[in-house]
file start-v6.csv (CSV, C-alpha atoms)
chain,number,residue,atom,x,y,z
A,1,MET,CA,79.9,92.1,-12.5
A,2,LEU,CA,83.3,90.7,-11.9
A,3,ARG,CA,84.0,93.3,-9.4
A,4,ARG,CA,80.9,92.2,-7.4
A,5,VAL,CA,82.0,88.6,-7.4
A,6,PHE,CA,85.5,89.5,-6.4
A,7,ASN,CA,84.3,91.7,-3.5
A,8,SER,CA,82.0,88.9,-2.3
A,9,PHE,CA,84.8,86.4,-2.4
A,10,VAL,CA,87.1,88.7,-0.4
A,11,PHE,CA,84.4,89.4,2.2
A,12,SER,CA,83.8,85.6,2.7
A,13,MET,CA,87.5,85.0,3.1
A,14,PHE,CA,87.7,87.8,5.7
A,15,VAL,CA,84.8,86.3,7.7
A,16,CYS,CA,86.3,82.8,7.7
A,17,LEU,CA,89.7,84.1,8.9
A,18,THR,CA,88.0,86.1,11.7
A,19,VAL,CA,86.0,83.1,13.0
A,20,SER,CA,89.1,80.8,12.8
A,21,GLY,CA,91.2,83.2,14.7
A,22,ALA,CA,88.6,83.5,17.4
A,23,ALA,CA,88.4,79.7,17.7
A,24,PHE,CA,92.2,79.4,18.0
A,25,ALA,CA,92.3,82.2,20.5
A,26,GLN,CA,90.2,80.2,23.1
A,27,PRO,CA,92.2,78.6,25.9
A,28,PRO,CA,92.7,74.9,25.5
A,29,GLN,CA,90.3,72.6,27.5
A,30,PRO,CA,91.9,70.2,29.9
A,31,ALA,CA,91.9,66.6,28.7
A,32,LEU,CA,89.6,64.2,30.5
A,33,PRO,CA,91.3,61.5,32.5
A,34,PRO,CA,91.2,58.1,30.8
A,35,VAL,CA,88.5,55.7,32.0
A,36,SER,CA,90.0,52.6,33.6
A,37,PRO,CA,88.4,49.3,32.8
A,38,GLN,CA,87.5,48.8,36.5
A,39,SER,CA,85.7,52.1,36.8
A,40,ALA,CA,83.8,51.4,33.6
A,41,LYS,CA,82.2,48.3,35.0
A,42,PRO,CA,79.1,48.7,37.2
A,43,GLN,CA,79.5,48.0,40.8
A,44,ALA,CA,77.8,44.7,41.8
A,45,LEU,CA,75.5,44.8,44.8
A,46,PRO,CA,76.4,42.4,47.6
A,47,ASN,CA,74.3,39.4,47.8
A,48,ILE,CA,72.8,39.3,51.3
A,49,LEU,CA,70.2,36.6,50.7
A,50,SER,CA,72.5,33.7,50.2
A,51,THR,CA,76.1,32.7,50.5
A,52,GLY,CA,76.0,30.7,47.2
A,53,GLY,CA,75.0,33.4,44.7
A,54,THR,CA,71.7,34.0,42.9
A,55,GLY,CA,71.7,30.4,41.6
A,56,ASP,CA,70.8,29.1,45.0
A,57,GLN,CA,67.4,30.7,44.8
A,58,VAL,CA,66.4,28.8,41.7
A,59,TYR,CA,64.3,25.7,42.0
A,60,ARG,CA,66.4,22.5,41.7
A,61,ILE,CA,65.0,19.3,40.2
A,62,GLY,CA,64.1,16.5,42.6
A,63,PRO,CA,63.0,12.9,42.2
A,64,GLY,CA,59.5,12.5,40.9
A,65,ASP,CA,59.5,15.8,38.9
A,66,VAL,CA,58.3,15.7,35.3
A,67,LEU,CA,60.5,17.6,32.8
A,68,ASP,CA,59.6,18.8,29.4
A,69,VAL,CA,62.7,18.4,27.2
A,70,ARG,CA,62.6,20.2,23.8
A,71,VAL,CA,65.3,19.8,21.2
A,72,PHE,CA,64.9,22.4,18.5
A,73,ASN,CA,63.8,20.8,15.2
A,74,ARG,CA,64.1,17.3,16.6
A,75,PRO,CA,60.7,16.2,17.8
A,76,GLU,CA,61.9,12.6,18.0
A,77,LEU,CA,64.3,13.6,20.8
A,78,SER,CA,61.8,15.8,22.6
A,79,GLY,CA,59.2,14.9,25.1
A,80,GLU,CA,58.3,14.6,28.8
A,81,ARG,CA,60.7,12.8,31.1
A,82,ARG,CA,60.1,11.8,34.7
A,83,VAL,CA,63.0,12.0,37.2
A,84,THR,CA,63.6,8.6,38.8
A,85,GLU,CA,64.2,8.0,42.5
A,86,ALA,CA,67.9,7.9,41.7
A,87,GLY,CA,67.7,11.4,40.2
A,88,ARG,CA,68.1,10.5,36.6
A,89,ILE,CA,66.3,10.9,33.3
A,90,ARG,CA,66.6,8.7,30.1
A,91,LEU,CA,66.9,10.3,26.6
A,92,PRO,CA,67.3,8.6,23.2
A,93,PHE,CA,70.8,7.8,21.9
A,94,ILE,CA,72.6,8.9,25.1
A,95,GLU,CA,73.2,7.5,28.5
A,96,ASP,CA,71.1,8.4,31.5
A,97,ILE,CA,71.7,11.9,32.8
A,98,GLN,CA,71.9,12.8,36.5
A,99,VAL,CA,69.6,15.8,36.9
A,100,ALA,CA,68.6,15.9,40.6
A,101,CYS,CA,69.6,19.1,42.3
A,102,LEU,CA,70.3,20.8,39.0
A,103,THR,CA,68.5,23.8,37.6
A,104,GLU,CA,66.6,23.9,34.3
A,105,ALA,CA,69.4,25.8,32.6
A,106,GLU,CA,72.1,23.4,33.9
A,107,ILE,CA,70.2,20.4,32.5
A,108,SER,CA,69.7,22.1,29.2
A,109,ARG,CA,73.5,22.7,28.8
A,110,GLN,CA,74.2,19.1,29.9
A,111,ILE,CA,71.8,17.6,27.3
A,112,ALA,CA,73.1,19.9,24.6
A,113,ASP,CA,76.7,18.8,25.3
A,114,LYS,CA,75.6,15.1,25.1
A,115,TYR,CA,73.9,15.6,21.7
A,116,LYS,CA,76.9,17.4,20.2
A,117,LYS,CA,78.2,14.0,19.2
A,118,PHE,CA,75.2,13.6,16.8
A,119,LEU,CA,73.9,17.1,16.1
A,120,ARG,CA,75.5,20.3,15.0
A,121,ASP,CA,74.9,23.1,17.6
A,122,PRO,CA,71.9,21.5,19.2
A,123,GLN,CA,69.4,23.9,20.9
A,124,VAL,CA,67.8,22.4,24.0
A,125,ASP,CA,65.2,23.8,26.4
A,126,VAL,CA,64.1,22.2,29.7
A,127,PHE,CA,61.1,23.1,31.7
A,128,VAL,CA,59.5,21.7,34.8
A,129,LYS,CA,56.1,20.5,33.8
A,130,ASP,CA,55.0,19.0,37.1
A,131,TYR,CA,56.4,19.3,40.5
A,132,LYS,CA,56.3,15.9,42.2
A,133,GLY,CA,59.4,16.2,44.4
A,134,VAL,CA,59.3,14.9,48.0
A,135,PRO,CA,57.4,17.4,50.2
A,136,VAL,CA,58.7,18.8,53.4
A,137,ALA,CA,56.9,18.8,56.8
A,138,VAL,CA,56.8,21.2,59.7
A,139,ILE,CA,55.7,19.7,63.0
A,140,GLY,CA,55.8,20.5,66.7
A,141,ALA,CA,55.3,23.8,68.4
A,142,VAL,CA,54.1,25.9,65.4
A,143,ASN,CA,50.7,27.5,64.9
A,144,GLN,CA,49.9,25.6,61.7
A,145,PRO,CA,51.7,22.3,61.3
A,146,ALA,CA,51.5,21.1,57.7
A,147,ARG,CA,53.3,19.5,54.7
A,148,PHE,CA,54.5,21.7,51.9
A,149,GLN,CA,55.3,20.9,48.3
A,150,LEU,CA,58.2,23.1,47.2
A,151,GLN,CA,58.3,24.6,43.7
A,152,ARG,CA,61.3,26.7,44.5
A,153,ARG,CA,64.1,26.8,47.0
A,154,VAL,CA,63.0,27.9,50.4
A,155,ARG,CA,64.9,28.8,53.5
A,156,LEU,CA,64.0,27.8,57.1
A,157,LEU,CA,62.7,31.1,58.2
A,158,GLU,CA,60.4,31.5,55.2
A,159,LEU,CA,59.0,27.9,55.7
A,160,LEU,CA,58.3,28.7,59.4
A,161,SER,CA,56.3,31.7,58.3
A,162,TYR,CA,54.2,29.6,56.1
A,163,ALA,CA,53.6,27.3,59.1
A,164,GLY,CA,52.3,30.3,61.1
A,165,GLY,CA,55.5,30.8,63.0
A,166,PRO,CA,56.6,29.2,66.3
A,167,SER,CA,54.0,29.1,69.0
A,168,ASN,CA,54.3,30.3,72.6
A,169,ARG,CA,55.3,26.7,73.6
A,170,ALA,CA,58.3,26.6,71.3
A,171,GLY,CA,61.7,25.8,72.8
A,172,THR,CA,65.0,27.4,72.1
A,173,PHE,CA,66.1,25.0,69.2
A,174,ILE,CA,64.7,23.9,65.9
A,175,HIS,CA,65.7,20.4,64.6
A,176,ILE,CA,65.9,19.7,60.8
A,177,ILE,CA,65.8,15.9,60.2
A,178,HIS,CA,67.4,15.0,56.8
A,179,SER,CA,66.0,11.5,56.1
A,180,ASN,CA,65.9,11.4,52.3
A,181,ASP,CA,67.4,8.4,50.6
A,182,TYR,CA,69.4,10.4,48.1
A,183,ASP,CA,71.0,13.6,49.3
A,184,PHE,CA,71.8,15.2,46.0
A,185,CYS,CA,72.2,18.7,47.3
A,186,GLN,CA,75.0,19.7,49.7
A,187,ASN,CA,74.4,23.5,49.8
A,188,ASN,CA,73.9,24.0,53.6
A,189,PRO,CA,77.2,25.0,55.1
A,190,GLY,CA,77.8,24.0,58.7
A,191,ILE,CA,75.6,20.9,58.6
A,192,VAL,CA,77.4,18.3,60.7
A,193,PRO,CA,76.0,14.7,60.5
A,194,ALA,CA,75.0,13.0,63.7
A,195,THR,CA,78.0,11.5,65.6
A,196,THR,CA,78.5,8.5,67.7
A,197,GLU,CA,81.1,8.8,70.5
A,198,GLY,CA,83.0,11.5,68.7
A,199,LYS,CA,83.1,9.7,65.3
A,200,PRO,CA,81.3,11.0,62.2
A,201,ALA,CA,78.2,9.2,61.2
A,202,SER,CA,79.9,7.7,58.2
A,203,GLU,CA,82.5,6.1,60.4
A,204,ALA,CA,80.3,4.9,63.3
A,205,ASP,CA,79.4,1.3,63.3
A,206,ASP,CA,75.8,0.1,63.7
A,207,PRO,CA,74.9,-2.9,65.8
A,208,ASP,CA,74.8,-5.2,62.7
A,209,GLY,CA,78.4,-4.4,61.9
A,210,GLY,CA,77.7,-2.1,59.0
A,211,LYS,CA,78.0,1.7,58.7
A,212,ILE,CA,75.5,4.3,59.7
A,213,SER,CA,74.6,6.3,56.6
A,214,ILE,CA,75.8,9.9,56.4
A,215,LEU,CA,72.6,10.7,54.5
A,216,THR,CA,70.6,10.6,57.7
A,217,ALA,CA,71.6,13.6,59.7
A,218,LEU,CA,70.2,16.1,62.2
A,219,SER,CA,70.8,19.8,62.1
A,220,SER,CA,69.9,22.0,65.1
A,221,VAL,CA,69.3,25.7,64.8
A,222,ASN,CA,68.9,28.2,67.6
A,223,LEU,CA,65.5,29.8,67.3
A,224,ARG,CA,66.8,33.2,68.6
A,225,ASP,CA,69.6,33.3,66.1
A,226,LEU,CA,67.1,32.4,63.3
A,227,LEU,CA,64.7,35.2,64.3
A,228,GLY,CA,67.6,37.5,64.8
A,229,GLY,CA,68.5,37.3,61.1
A,230,LYS,CA,71.8,35.3,61.3
A,231,LEU,CA,72.5,33.9,57.8
A,232,ASP,CA,74.2,30.8,59.0
A,233,ALA,CA,71.1,29.8,61.0
A,234,ASN,CA,68.7,30.4,58.0
A,235,LEU,CA,69.5,27.1,56.2
A,236,TYR,CA,68.0,25.9,52.9
A,237,ILE,CA,65.4,23.3,53.2
A,238,GLN,CA,65.9,20.2,51.1
A,239,PRO,CA,63.2,17.9,49.7
A,240,GLY,CA,62.1,15.3,52.3
A,241,ASP,CA,63.3,17.3,55.3
A,242,ILE,CA,61.2,17.3,58.5
A,243,VAL,CA,61.4,20.5,60.5
A,244,SER,CA,60.6,19.8,64.1
A,245,VAL,CA,60.0,22.6,66.6
A,246,PRO,CA,60.1,20.9,70.1
A,247,GLU,CA,58.1,22.3,72.9
A,248,ALA,CA,60.0,24.0,75.7
A,249,ASP,CA,60.4,22.5,79.1
A,250,GLN,CA,57.7,23.6,81.5
A,251,ILE,CA,57.4,24.7,85.1
A,252,TYR,CA,54.2,24.5,87.2
A,253,VAL,CA,52.8,27.2,89.5
A,254,THR,CA,50.0,26.1,91.7
A,255,GLY,CA,48.2,27.2,94.9
A,256,ALA,CA,47.2,30.7,95.9
A,257,VAL,CA,48.1,32.5,92.7
A,258,ASN,CA,45.9,34.4,90.3
A,259,ARG,CA,46.7,32.3,87.2
A,260,PRO,CA,47.9,28.8,88.2
A,261,GLY,CA,49.1,26.5,85.4
A,262,ALA,CA,52.1,25.3,83.3
A,263,TYR,CA,54.5,27.9,81.8
A,264,ALA,CA,57.1,27.3,79.1
A,265,LEU,CA,60.7,27.6,80.3
A,266,THR,CA,62.1,29.3,77.2
A,267,THR,CA,64.7,31.3,79.0
A,268,LYS,CA,66.1,31.4,82.5
A,269,ILE,CA,63.3,32.1,84.9
A,270,THR,CA,63.7,32.8,88.7
A,271,LEU,CA,61.2,31.9,91.4
A,272,THR,CA,59.8,35.5,91.7
A,273,GLN,CA,59.5,35.8,87.9
A,274,ALA,CA,57.5,32.5,87.7
A,275,ILE,CA,55.1,33.8,90.4
A,276,GLY,CA,54.8,37.0,88.3
A,277,LEU,CA,54.0,35.0,85.2
A,278,ALA,CA,51.2,33.4,87.2
A,279,GLY,CA,49.7,36.8,88.0
A,280,GLY,CA,51.1,37.1,91.5
A,281,ILE,CA,49.9,35.8,94.9
A,282,ASN,CA,46.3,36.4,95.6
A,283,MET,CA,44.9,37.8,98.9
A,284,GLU,CA,44.9,34.4,100.7
A,285,GLY,CA,48.5,33.4,99.7
A,286,ALA,CA,51.3,33.0,102.1
A,287,GLN,CA,54.4,34.8,100.9
A,288,GLY,CA,56.6,33.4,103.6
A,289,ARG,CA,56.0,29.7,102.8
A,290,VAL,CA,56.4,29.2,99.1
A,291,ARG,CA,57.4,25.6,98.4
A,292,LEU,CA,59.7,24.6,95.5
A,293,VAL,CA,59.4,20.9,94.6
A,294,ARG,CA,62.2,19.7,92.3
A,295,GLN,CA,62.6,16.3,90.6
A,296,ASP,CA,66.0,14.7,90.7
A,297,PRO,CA,66.9,14.0,87.0
A,298,ASN,CA,68.9,10.9,87.9
A,299,SER,CA,66.3,9.3,90.2
A,300,ASP,CA,62.7,9.3,91.3
A,301,LYS,CA,63.4,11.3,94.4
A,302,ARG,CA,62.0,14.8,94.9
A,303,SER,CA,63.4,17.5,97.0
A,304,GLU,CA,61.4,20.3,98.7
A,305,VAL,CA,62.6,23.7,99.8
A,306,VAL,CA,60.5,26.5,101.4
A,307,TYR,CA,61.3,30.1,100.5
A,308,ASN,CA,60.2,33.4,101.9
A,309,LEU,CA,59.5,35.9,99.1
A,310,LYS,CA,60.0,38.8,101.5
A,311,ASP,CA,63.6,37.7,102.1
A,312,ILE,CA,64.1,37.4,98.3
A,313,ASN,CA,62.7,40.9,97.7
A,314,LYS,CA,64.9,42.3,100.5
A,315,ARG,CA,67.9,40.6,98.9
A,316,LYS,CA,68.6,38.6,102.0
A,317,ILE,CA,68.7,35.4,100.0
A,318,GLU,CA,69.3,34.8,96.3
A,319,ASP,CA,66.4,34.4,93.9
A,320,ILE,CA,66.8,30.8,92.7
A,321,ILE,CA,66.8,29.9,89.0
A,322,LEU,CA,64.2,27.3,88.2
A,323,MET,CA,64.9,24.0,86.4
A,324,PRO,CA,62.6,22.1,84.0
A,325,ASN,CA,59.6,20.4,85.7
A,326,ASP,CA,59.9,22.4,88.9
A,327,ILE,CA,56.7,22.8,90.9
A,328,ILE,CA,56.0,26.0,92.8
A,329,GLU,CA,53.3,25.8,95.4
A,330,VAL,CA,52.0,28.9,97.2
A,331,PRO,CA,49.9,27.7,100.2
A,332,ASN,CA,47.1,29.6,101.7
A,333,SER,CA,47.7,31.8,104.7
A,334,THR,CA,45.7,30.4,107.7
A,335,LEU,CA,45.3,33.9,109.3
A,336,ARG,CA,44.2,35.5,106.1
A,337,ALA,CA,41.8,32.7,105.3
A,338,ALA,CA,40.3,32.8,108.8
A,339,SER,CA,39.9,36.6,108.6
A,340,ARG,CA,38.2,36.3,105.2
A,341,ASN,CA,35.9,33.6,106.6
A,342,MET,CA,35.1,35.6,109.6
A,343,LEU,CA,34.3,38.6,107.4
A,344,GLY,CA,32.0,36.5,105.3
A,345,VAL,CA,30.2,35.1,108.3
A,346,SER,CA,29.8,38.6,109.8
A,347,ILE,CA,28.3,39.8,106.5
A,348,SER,CA,26.0,36.8,106.4
A,349,MET,CA,24.8,37.4,110.0
A,350,LEU,CA,24.2,41.1,109.4
A,351,SER,CA,22.2,40.3,106.3
A,352,ALA,CA,20.1,37.8,108.4
A,353,LEU,CA,19.0,40.4,111.0
A,354,PRO,CA,15.6,41.9,110.8
A,355,TYR,CA,15.3,45.2,109.0
A,356,PHE,CA,13.2,48.0,110.5
A,357,ILE,CA,12.4,51.5,109.3
A,358,ILE,CA,12.1,54.2,112.0
A,359,ARG,CA,10.0,57.2,111.1
call {"tool": "encode", "arguments": {"input": "start-v6.csv", "output": "structure tokens"}}
result
Amino acid sequence: MLRRVFNSFVFSMFVCLTVSGAAFAQPPQPALPPVSPQSAKPQALPNILSTGGTGDQVYRIGPGDVLDVRVFNRPELSGERRVTEAGRIRLPFIEDIQVACLTEAEISRQIADKYKKFLRDPQVDVFVKDYKGVPVAVIGAVNQPARFQLQRRVRLLELLSYAGGPSNRAGTFIHIIHSNDYDFCQNNPGIVPATTEGKPASEADDPDGGKISILTALSSVNLRDLLGGKLDANLYIQPGDIVSVPEADQIYVTGAVNRPGAYALTTKITLTQAIGLAGGINMEGAQGRVRLVRQDPNSDKRSEVVYNLKDINKRKIEDIILMPNDIIEVPNSTLRAASRNMLGVSISMLSALPYFIIR
């Protein structure tokens, strides 16, 4: 019996030594390089929607909004608070808090800091119960002019899409009129207030001897840049803003053309291009006597110049660039009109002759 136990013990020791030797005989594995703190952090994606971070896309409180302020385990401090026209709310035991243009989280932290004088580690939550901020308006050459009540921050391009987009009469610029009494938000880079004789609006004197308010400003955005996706043109819209899309200047094509009428001067248009927009000259039009009537912008005088389209097509003369309110008149050709009239008379006379059948 002892011999069996001894043999089993010896066999077990032999197996353990064999396995350990095989393990030590394996080549050592190369050590992994240490992970640097920078490589351990996830790479943040670039923010292409705004230049001010993700916080710029959160709704910011405006005058007239109703806030639901909740202080944990303190019902006497909780309740609904309406934001005044000055952008403030009033809470018990603390002074008025400026909340306009702040987010819900920012207001919660600000109220909690104020109540730390009386409470230990106060927990405050703020929610927007009712959106009553000043609406924005889109007017002018858009397909659906309207007023909009913002419940979140909106950029200019998105607001134009809600208004149906610019119409065919839209000009090259969009004007944003900032006329709110309290401009709490200053998040649109590149906004330059209206100037008077090279002076900023805050330094320009009004006729009464005072100062023109810097709060009333006009921002102009190029429509092509906006539709092309330039971020500096896609501004944030503030409460109370009025987005005006002026109609483009027009030119007028009359006379012997297929589609006479007024056409928007959105880009540089030449004389031949304008006639092309009008459907071209009809059968009775005189290509050699196209009249261009131009109004002098500094007076009531009008100048008239006659052009030959054949010379323009043959590059003998330059194709003139049109100006706003130009009138293009294509007269009828006397020879073509007479030929057409003679043809009509001949057809009428032939139809009036007696008709016989010869069998």
call {"tool": "closest_residue", "arguments": {"input": "start-v6.csv", "among": "A:Val142, A:Leu271, A:Leu231, A:Ile327", "to": "Gln250 (chain A)", "atoms": "all atoms listed in the file"}}
result
A:Ile327
call {"tool": "residues_around", "arguments": {"input": "start-v6.csv", "residues": "Arg109 (chain A)", "least_positions_apart": "2", "cutoff": "10 Å", "atoms": "all atoms listed in the file", "output": "PyMOL selection string"}}
result
chain A and resi 104-107+111-114+122-126
call {"tool": "atom_distance", "arguments": {"input": "start-v6.csv", "atom1": "CA of Thr270 (chain A)", "atom2": "CA of Val221 (chain A)"}}
result
25.6 Å
call {"tool": "atom_distance", "arguments": {"input": "start-v6.csv", "atom1": "CA of Asp96 (chain A)", "atom2": "CA of Val71 (chain A)"}}
result
16.4 Å
call {"tool": "residues_near_point", "arguments": {"input": "start-v6.csv", "point": "(65.9, 27.5, 85.0)", "cutoff": "9 Å", "atoms": "only C-alpha atoms", "output": "list in words"}}
result
Ile251, Leu265, Thr266, Thr267, Lys268, Ile269, Thr270, Ile320, Ile321, Leu322, Met323, Pro324 and Asp326 of chain A
call {"tool": "closest_residue", "arguments": {"input": "start-v6.csv", "among": "A:Leu119, A:Gln151, A:Lys129, A:Arg315", "to": "Glu80 (chain A)", "atoms": "all atoms listed in the file"}}
result
A:Lys129
call {"tool": "residues_around", "arguments": {"input": "start-v6.csv", "residues": "Ile89 (chain A)", "least_positions_apart": "5", "cutoff": "10 Å", "atoms": "all atoms listed in the file", "output": "ChimeraX atom specification"}}
result
/A:63,66-67,80-84,95-100
call {"tool": "closest_residue", "arguments": {"input": "start-v6.csv", "among": "A:Asp319, A:Asp225, A:Glu329, A:Glu247", "to": "Gly140 (chain A)", "atoms": "all atoms listed in the file"}}
result
A:Glu247
call {"tool": "closest_residue", "arguments": {"input": "start-v6.csv", "among": "A:Asn143, A:Ser219, A:Thr172, A:Asp311", "to": "Asp241 (chain A)", "atoms": "all atoms listed in the file"}}
result
A:Ser219
call {"tool": "closest_residue", "arguments": {"input": "start-v6.csv", "among": "A:Arg60, A:Arg155, A:Lys230, A:Lys316", "to": "Gly133 (chain A)", "atoms": "all atoms listed in the file"}}
result
A:Arg60
